[in-house]
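Here is the structure we will look at.
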Amino acid sequence: MANGAPSARPTRASTDRRPQPGDFRSVLASLRSGEGRVVELAGERHSGKTRLLASWKQEAEAAGLTTLRGCSTEADQDFPYAAFACLVGSRLLSETVDHSGKKRFSHRLDVRQLLNRCAQDGLVLFLDDFHWADSDSVELAEHLIRCPLDVPLLMAVAHRPRLSSERLRSAFAHGAEMGTVESFQLGPPPSPRSGRVAELPTAAPQLRPLPAVGRAAPVDLRAIAPGPATTGEHAIADTADTAGTAATAPGTASLTAEELQVLSACAVLGDGHDWAALTAVAELPREVSAFAIDELVTKGLLVPVEAGTRFALRNPSLRAQLHDRMSLRWRAKAHSRAMNLLARRAAPAAELAPHIEFLPDPHDPDNVDVLERAAREALWGAPRLSVCWLRIAVRMLRESEARDEQRRRRLTLTLASALAISGELVEGCRLFRSTLPGFRELPVRARVHYLAFHALAEGLLDHSTEAEMLLTEGLGLVEILRQPPAEAIGLYVSRGLIGLMDNQPPSVLQAHTAVRLAIRQRDRLAEAGARALLGLCEALDGRTEVAARTLSVSGSLIDGFSDQRLRKHPEYLALLGRAEALIGRFESAAVHLERGVALLRAAEHEHLLPVLLMGVAHVRLRVGPLGQALEAAVEAEAITRRNGSHRVHADARALSALIGEWRDPDRRAPARPAGQADADADPAQAPGHAGVVATLALAAVAQFDGDARRDTARLLEACGGAGLSALPPSMRPRGFELLTATAMEAGDPSSEWSARAMAASLASPGPGSTPYALAACAHTVRGAGDHPRALQLYLDAAADFTAAGLIGDRARMLALGAASAAAAGKQEQAGRLLSAAKLAAEAYGSARLVANLERFEHLVRPHAARPGEPCARPCPLASLTNREREVARLAATGIRNRDIATALALSPKTVEIHLSRIYRKLDVHSKSELVRRIVDLDQAVT
């Protein structure tokens, strides 16, 4: 809270001190031993930070270490990771950074990996004026402080504490406690401020000159115990001398009673208040208050902000300790004086509300009004704060002699919504159910709004019966109204989102009704959400072109609204992003979903954050990089475990397990709560949409190392049988393409799956479906032995996948194209295609796909030429499928067909069919000739 009882914050460790000669040399010594460190250099303007960084840089270079220097400016705050831009021009990254793209640093993990590469041999990074750094740079710095790299990296960060974000200051304080941050403090510049605040002439004899360097260290609480009392009651209780310390500062003198009262007034008011406010709350004469402020600035307890017109506590943790140690009587009067002062200044309710809890008699009805207004203002920007104030207001109404049940019910409903928004879904839904007996007394608009909101909350908790009951009641109420309110659109949107999570397509008829209602109400934001719902319905019906037009209108409307407006309806972004992904607009989907994630994080909203994170994870699973997909899925899993959203939690757990296996198949699985290990062992067994997505993804990545018959059976089982009815129409070409590939590897020459892929693509054309039909056709042609034509088809499919942003599928097509090129005798082209496939797989972020391609490379070209080497002879085995190669190798050992069938779990008839194809492709006529051919090929390789 800005002005009320302060919340506890991380305290700064005792390492916060002025730098001394030799300090930096000791830090460099630890760097040379392989230990990374972070050095914080804090000081206000003109305190000498830049000069000290320059001298440290010279010292590091003299020690033979690589150094880089960056400086943030106010104009850089709109550019992600601008503070780390010094990496781009360095020779260290000349081979690893793409200078052509605008998104050089598109993700925190990318920058972390770049730093990890640069610092392998030791690196000192100097970052000046970090208080101007963009939010992404601050987030990365915090991440590096909390999770240091295991490389010799030293970051020296200079900043002005009063301009730095709370997040950065807390990160430094936490790092100091962990021992990963060495903090140094430079004192404030000299400035005779007391004359300005007391309105005295500059040459007044009462003014004392400030020292050149102020004592800026945090103060020992024993030093703020009251000195000899002269007048009035003390702000701090008499037991102050027995208090624990916040931090130690040698040589700190005890404060006078006047200084203590000003300091306590600052703790009551909060940071950023002027001299007049401090004087009024402290109840001191103007001149006395001015001198006290001057002394507190000199002693480093207060710092001037906003050009010296306002003041704040230098050590944020001191505020909570001061507030808790005040005598109850003085604190109550001080909060009363603060509230009266702010009311006279027409301060907003958010500034008045924090003082109400500490008033001598808080049960005044006007105070409840203030709390209610403040809570409603904070609901969409700071829901946890809204919860705090609403709980106080409800408690005050419950304790009040005048019973106002209608008002208490209204506040309870708002509290239930605030709890759900802040992530307390279970408590919010329980509280909402408790209000149902008197719910019908509310106005119709309010009832429809709460029914739509809490139906979605119940759906997130997997309470399908309760959600459907609330939606049915709301829609029944809307149907009997001649002019339904705009809030009714929320009912249709909530039903659409719940249906999306349940794999039950929402009603197209209801979506059209929502659009008409929004147009009639002239609510452009509601129209954007209704059109997103309609576009989703059209995409799920397979009407891709119609859905594309609808979603274009919805997207243009949503892009025209500010984050503040969209914060109240993040479900519109969730619907829009999911629908765009279905029709193959992956980049647009990522933009809208990631915008929703960013605005919900900024507003501390958690109820729909996992839904949007899962949308991001699904999109990034298709287009990469997988690191971003994994990060989103893991975050969604953590949030849903905390807030009880079981349905989304199961999907997130399965997806994070799947992506983790893709990225690093040899990784050790993270510890899970009891009972979850089996679900994670096979992501394809996850319920609902997540299991289908996992099955398709596993089939794609396992194409080069999997069992074709097992993959076919798994695909058919998960996707609803031969018609793939469990998949949306726009995803069916992808499923049929994978079935075509597995059929070809199993030796089935039928083109049935390929024909179905083409038919599904024609029924639902788009960038996310058409390339798969082309790939399926290529599989069929390759299985028929027409390798030159198959090569061209694979190259065309790879180009289409590149245009759609599907780099993982591009890697598959290039690898299969390489196999066709090798079989056609084009070894040099096969080598180039395999290299391009591995680069695409690396960009996609799948270590498993890279490993599979490396194994596949030995099968395609056992003796292929490397770049710069003469081309080897074409390998005839490259023309065989995986299953045919297995049969050929076993047949070359001389065993009978029946034994081959037993070893491969095939029928003898199937083995004979495979052998006939092998004879034709290798131009042999008997098993003895096959044995000699295999032996000759093996000798050629060795």
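By order in the structure tokens, chains are A, B, ...; within a chain, residues start at 1; ligands start at 1, following the order shown.
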
Contact residues around Ala755 (chain A) with only C-alpha atoms at 9 Å, ignoring same-chain residues under 3 positions, as a PyMOL selection string: chain A and resi 736+751-752+758-760+773+776-777

Can you spit out the residues from that selection as a JSON list (two decimals), in the first residue's frame, using C-alpha atoms?
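Ended up saving to part.json:
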[["chain", "number", "residue", "atom", "x", "y", "z"],
["A", 736, "PHE", "CA", -3.34, -37.59, -42.11],
["A", 751, "SER", "CA", -2.22, -43.83, -50.79],
["A", 752, "GLU", "CA", -5.43, -43.74, -48.73],
["A", 758, "MET", "CA", -5.57, -33.72, -49.65],
["A", 759, "ALA", "CA", -9.35, -33.83, -49.17],
["A", 760, "ALA", "CA", -9.08, -32.38, -45.65],
["A", 773, "ALA", "CA", -1.28, -32.30, -47.76],
["A", 776, "ALA", "CA", 1.62, -36.46, -47.52],
["A", 777, "CYS", "CA", 1.76, -36.57, -51.32]]

Selection: 9 Å around Val597 (chain A), only C-alpha atoms, excl. self and same-chain fewer than 4 positions, as a VMD selection string: chain A and resid 570 592 to 593 601 to 602 608 to 610 612 to 613 616

Pick from A:Leu696, A:Ile293, A:Leu411, A:Ala280, whichever lies nearest to Arg337 (chain A) using only C-alpha atoms: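 Of the candidates, the smallest distance to Arg337 (chain A) is held by A:Ala280.
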
Best match for closeness to Thr67 (chain A) among A:Ala156, A:Val151, A:Ala514, A:Ala841, counting only C-alpha atoms: A:Ala156
